[in-house]
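Chemist: My questions all concern the structure below.
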Amino acid sequence: MTSTFPLPTLFSRALATASKALNLPTVDDRTQELIQSAVTDLKELNRRVAALSLFSSNEVLEDISTRNLVYLFARCVLAEVQNRVKTTDRDERMTVLKQTQVHLRLFIHDLDTYCIVPEVERVLYAQSASSIKDAAKRREVKIKQFRAEKDLRARIEAVRKRRKQTPMGDLSQTDFDLIRSLLPSTEAPQVSDEDEDEDDSETDEILREVILLLLRLNYAQAYSQLESMDQELELLCSAPPPPSPGPPADERKNRHKEEDDMWKLDAQSRIGESGPLLDSNGKPLRPFTILPAGASDRARLQAQVFGPGHRLPTMSIDEYLKIEQERGNIITGGGPQSEEQPTSSEQLAIDSEMDGVFGEMKSEEKRQKDEQWAQFKDANPRGAGNTMNRG
C-alpha cells in the first residue's frame with residue numbers, strides 16, 4: 001500500500017510516473033493509467049503531509065526545514081497531472097478544471113502564507129492580461145511576466161550548475177524530473193568530520209535556494225494556468241448543450257417516409273384522370289402538367305424546350321442597313337467628290353445664267369436671295385453684335 005512508503009519515495013514515484021506520461025499521447029489508455037496512478041499517489045501524499053502537519057500558518061519560512069520544503073510542490077504537481085485526465089463530455093471537463101483550479105489556488109495560498117514570492121512578483125503575476133482592455137498595456141504586462149520567468153529560469157540554471165546537475169535546457173528532462181532531483185535521500189547521511197559538516201551545510205543552502213526559486217517559477221506558471229482555465233471554462237459555459245438522443249431508427253425512418261410521401265406522386269394513381277386533382281389537405285392525387293390548354297401554345301412551348309438560351313437574329317446586316325437608309329438615318333456624301341461639286345449659291349448663279357423659263361426662275365430666285373441678304377446687312381451692320389469690346 002502507498003501508506004507504507006516514506007514520503008520521499010512516494011513523491012518520487014508519483015513524479016516519475018507523471019514525467020513518463022508527459023511525453024505520451026493523452027488519449028492513450030496506457031497514458032491514462034499512468035496519470036491515474038500519479039494522481040492516486042499525489043492525493044495520498046497531500047493527505048499524509050496534512051496529517052503530519054509539516055506546514056502550519058503559525059510558522060515562518062525559516063522554521064521549515066529544507067527537507068520538508070520540497071513538499072510544497074505537491075499541490076502544484078497534482079494540479080498539473082489532474083489537468084491531463086481524459087474527459088468525454090463538457091460537464092466532466094468542467095469538473096476537472098474546477099478541481100485543478102482549487103489545487104492551484106491552495107498552492108498559491110501556501111506560498112503567500114510563507115512570503116516565498118516577493119511582493120513585486122506577486123503583484124505582477126496577479127494581473128490578468130486577458131482582462132486588460134488596452135492592447136498596449138496588455139502587451140506590456142505579458143512582456144514583464146515573461147521577463148520575470150526568464151530571469152527565474154536563468155537563476156535556477158546558475159544554481160544548478162553550482163550543484164553540478166543536469167542543465168534545465170536538456171530536452172529529456174521535464175519539470176517533474178527537476179522537482180524529483182530536489183527530493184531528500186531516503187538513506188541517512190553519514191557524518192564523519194567537520195569538513196563534511198561544512199560541505200553538507202553548503203549543499204543544504206544551495207538546495208534551499210533552488211527550491212525557493214523553483215517555487216517562485218511555479219507560482220508564476222500557476223497564475224498563467226488559472227487564466228487559461230478561466231477562459232476555457234467561459235467557452236465551455238457558453239457552448240451549446242449536447243444534442244439529446246433522438247428517436248429510434250425505425251421510428252425516424254417511418255417519419256421520413258411519411259414526409260417524403262407527402263410530396264411524391266404515387267406510382268400508380270388510384271383515381272382516374274377525370275377525378276379531383278388535390279385532396280382536402282392539398283396533396284396531389286394524380287399526375288398533372290402545368291401547360292396552356294391550347295394545342296398550338298403547347299406545341300410552341302414544347303419547341304422552345306431545347307432552343308438556345310439567347311435571342312437569335314431575325315435579319316441580316318445588309319437588310320438592316322437597307323431599312324435604315326430608307327428611313328433616312330444614314331448620311332451620304334463627303335469626300336473629294338463632294339469637295340469638287342459647286343455649293344448651293346454657286347449652283348444658283350449657274351442656273352440663273354441659263355436661257356429659257358428655267359433660267360428666268362433661277363434669276364428671280366437669285367435676286368430675291370441677294371435682296372434678303374442686303375436687307376440683313378443693313379439691319380445688322382458690321383460689329384453691331386460686338387458688345388464685349390465697347391468702352
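Chain labels A, B, ... are given in the sequence in which chains occur in the C-alpha cells; within each chain residues are numbered consecutively from 1, and ligands are likewise numbered from 1 in the order shown.
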Can you pull out every residue from range 10-202 of chain A that DSSP, working from the backbone, puts in helix (DSSP H, G or I), and format the result as a ChimeraX atom specification?
Modeler: /A:10-22,29-52,61-63,66-82,90-113,119-126,129-131,135-162,175-180,194-202
Chemist: Which of these, A:Arg208, A:Lys161, A:Lys322, A:Arg138, has the shortest distance to Pro184 in chain A once you count only C-alpha atoms?
Modeler: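 Smallest distance to Pro184 in chain A is found for A:Arg208.
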Chemist: Measuring atom to atom with only C-alpha atoms, identify which of A:Gln32, A:Asn46, A:Ile206, A:Arg180 is nearest to Ala158 in chain A.
Modeler: A:Ile206
Chemist: Using only C-alpha atoms, which protein or nucleic acid residues come within 7 Å of Ala38 in chain A? Drop anything in the same chain fewer than 2 positions from it, and give the result as number ranges by chain.
Modeler: A: 14, 17-18, 34-36, 40-42
Chemist: Write out as JSON, numbers by chain which residues come within 10 Å of Asn218 in chain A when counting only C-alpha atoms, dropping same-chain ones fewer than 3 positions away.
Modeler: {"A": [73, 76, 77, 104, 107, 108, 149, 175, 212, 213, 214, 215, 221, 222, 223, 224]}
Chemist: Could those selected residues go to a file with N, CA, C and O atoms, as a PDB file, in the first residue's frame?
Modeler:
ATOM      1  N   PHE A  73       5.553  21.536  -3.395  1.00  0.00           N
ATOM      2  CA  PHE A  73       5.250  21.316  -4.810  1.00  0.00           C
ATOM      3  C   PHE A  73       4.090  20.331  -5.006  1.00  0.00           C
ATOM      4  O   PHE A  73       3.612  20.186  -6.136  1.00  0.00           O
ATOM      5  N   CYS A  76       0.849  21.714  -6.585  1.00  0.00           N
ATOM      6  CA  CYS A  76       1.077  22.190  -7.957  1.00  0.00           C
ATOM      7  C   CYS A  76       1.204  21.017  -8.924  1.00  0.00           C
ATOM      8  O   CYS A  76       0.649  21.025 -10.023  1.00  0.00           O
ATOM      9  N   VAL A  77       1.957  19.990  -8.510  1.00  0.00           N
ATOM     10  CA  VAL A  77       2.119  18.809  -9.366  1.00  0.00           C
ATOM     11  C   VAL A  77       0.794  18.082  -9.534  1.00  0.00           C
ATOM     12  O   VAL A  77       0.458  17.620 -10.628  1.00  0.00           O
ATOM     13  N   LEU A 104      -4.476  24.632  -7.524  1.00  0.00           N
ATOM     14  CA  LEU A 104      -3.567  25.730  -7.850  1.00  0.00           C
ATOM     15  C   LEU A 104      -3.734  26.892  -6.870  1.00  0.00           C
ATOM     16  O   LEU A 104      -2.740  27.504  -6.448  1.00  0.00           O
ATOM     17  N   PHE A 107      -2.055  26.029  -3.659  1.00  0.00           N
ATOM     18  CA  PHE A 107      -0.607  26.162  -3.818  1.00  0.00           C
ATOM     19  C   PHE A 107      -0.186  27.627  -3.723  1.00  0.00           C
ATOM     20  O   PHE A 107       0.795  27.966  -3.044  1.00  0.00           O
ATOM     21  N   ILE A 108      -0.933  28.520  -4.385  1.00  0.00           N
ATOM     22  CA  ILE A 108      -0.626  29.957  -4.322  1.00  0.00           C
ATOM     23  C   ILE A 108      -0.805  30.475  -2.900  1.00  0.00           C
ATOM     24  O   ILE A 108      -0.009  31.289  -2.405  1.00  0.00           O
ATOM     25  N   GLU A 149       9.841  35.451 -15.535  1.00  0.00           N
ATOM     26  CA  GLU A 149      10.009  33.995 -15.585  1.00  0.00           C
ATOM     27  C   GLU A 149      11.365  33.619 -16.194  1.00  0.00           C
ATOM     28  O   GLU A 149      12.022  32.680 -15.730  1.00  0.00           O
ATOM     29  N   ASP A 175       9.934  19.152 -16.016  1.00  0.00           N
ATOM     30  CA  ASP A 175       9.838  19.864 -14.739  1.00  0.00           C
ATOM     31  C   ASP A 175       9.646  18.893 -13.583  1.00  0.00           C
ATOM     32  O   ASP A 175      10.089  19.158 -12.461  1.00  0.00           O
ATOM     33  N   LEU A 212      13.442  27.344  -3.493  1.00  0.00           N
ATOM     34  CA  LEU A 212      12.710  28.614  -3.403  1.00  0.00           C
ATOM     35  C   LEU A 212      12.549  29.261  -4.777  1.00  0.00           C
ATOM     36  O   LEU A 212      11.483  29.796  -5.109  1.00  0.00           O
ATOM     37  N   LEU A 213      13.604  29.226  -5.584  1.00  0.00           N
ATOM     38  CA  LEU A 213      13.492  29.798  -6.934  1.00  0.00           C
ATOM     39  C   LEU A 213      12.505  29.015  -7.783  1.00  0.00           C
ATOM     40  O   LEU A 213      11.709  29.601  -8.536  1.00  0.00           O
ATOM     41  N   LEU A 214      12.529  27.700  -7.663  1.00  0.00           N
ATOM     42  CA  LEU A 214      11.603  26.883  -8.451  1.00  0.00           C
ATOM     43  C   LEU A 214      10.167  27.059  -7.967  1.00  0.00           C
ATOM     44  O   LEU A 214       9.226  27.019  -8.777  1.00  0.00           O
ATOM     45  N   LEU A 215       9.971  27.280  -6.683  1.00  0.00           N
ATOM     46  CA  LEU A 215       8.632  27.572  -6.170  1.00  0.00           C
ATOM     47  C   LEU A 215       8.113  28.893  -6.738  1.00  0.00           C
ATOM     48  O   LEU A 215       6.934  29.006  -7.097  1.00  0.00           O
ATOM     49  N   GLN A 221       3.751  30.225 -13.093  1.00  0.00           N
ATOM     50  CA  GLN A 221       3.052  29.326 -14.005  1.00  0.00           C
ATOM     51  C   GLN A 221       1.650  28.997 -13.508  1.00  0.00           C
ATOM     52  O   GLN A 221       0.737  28.770 -14.312  1.00  0.00           O
ATOM     53  N   ALA A 222       1.454  28.957 -12.190  1.00  0.00           N
ATOM     54  CA  ALA A 222       0.124  28.671 -11.645  1.00  0.00           C
ATOM     55  C   ALA A 222      -0.868  29.770 -12.018  1.00  0.00           C
ATOM     56  O   ALA A 222      -2.003  29.490 -12.394  1.00  0.00           O
ATOM     57  N   TYR A 223      -0.443  31.027 -11.930  1.00  0.00           N
ATOM     58  CA  TYR A 223      -1.326  32.126 -12.331  1.00  0.00           C
ATOM     59  C   TYR A 223      -1.643  32.058 -13.828  1.00  0.00           C
ATOM     60  O   TYR A 223      -2.763  32.323 -14.255  1.00  0.00           O
ATOM     61  N   SER A 224      -0.656  31.717 -14.637  1.00  0.00           N
ATOM     62  CA  SER A 224      -0.887  31.592 -16.078  1.00  0.00           C
ATOM     63  C   SER A 224      -1.881  30.467 -16.384  1.00  0.00           C
ATOM     64  O   SER A 224      -2.770  30.615 -17.229  1.00  0.00           O
TER      65      SER A 224
END
Chemist: Taking into account only C-alpha atoms, which residue in the set A:Ser19, A:Ser181, A:Pro25, A:Tyr125 is nearest to Val70 in chain A?
Modeler: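 Looking at the shortest contact to Val70 in chain A, the residue is A:Ser181.
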Chemist: Name the residues in contact with Asp112 in chain A at a cut-off of 12 Å, using only C-alpha atoms, excluding same-chain residues fewer than 3 positions from it; report them as number ranges by chain.
Modeler: A: 57, 60-61, 72, 105-109, 115-119, 121-123, 126, 215-216, 219
Chemist: Store the residues picked out above in a file with C-alpha atoms, as a compact mmCIF listing (two decimals), in the first residue's frame.
Modeler:
# COMPACT_ATOMS: atom_id res chain seq x y z
CA SER A 57 0.26 29.00 9.38
CA VAL A 60 7.53 31.29 9.06
CA LEU A 61 9.69 30.24 6.15
CA LEU A 72 5.13 22.44 -1.16
CA ARG A 105 -5.19 28.30 -5.56
CA LEU A 106 -4.18 26.29 -2.49
CA PHE A 107 -0.61 26.16 -3.82
CA ILE A 108 -0.63 29.96 -4.32
CA HIS A 109 -2.08 30.43 -0.83
CA CYS A 115 6.04 35.03 1.85
CA ILE A 116 8.18 32.95 -0.52
CA VAL A 117 7.38 35.18 -3.51
CA PRO A 118 8.41 38.86 -3.27
CA GLU A 119 5.65 41.45 -3.22
CA GLU A 121 6.33 39.48 -8.31
CA ARG A 122 3.04 38.75 -6.53
CA VAL A 123 1.53 41.97 -7.87
CA ALA A 126 -1.72 38.51 -10.13
CA LEU A 215 8.63 27.57 -6.17
CA ARG A 216 8.58 31.15 -7.42
CA TYR A 219 3.94 30.37 -8.69
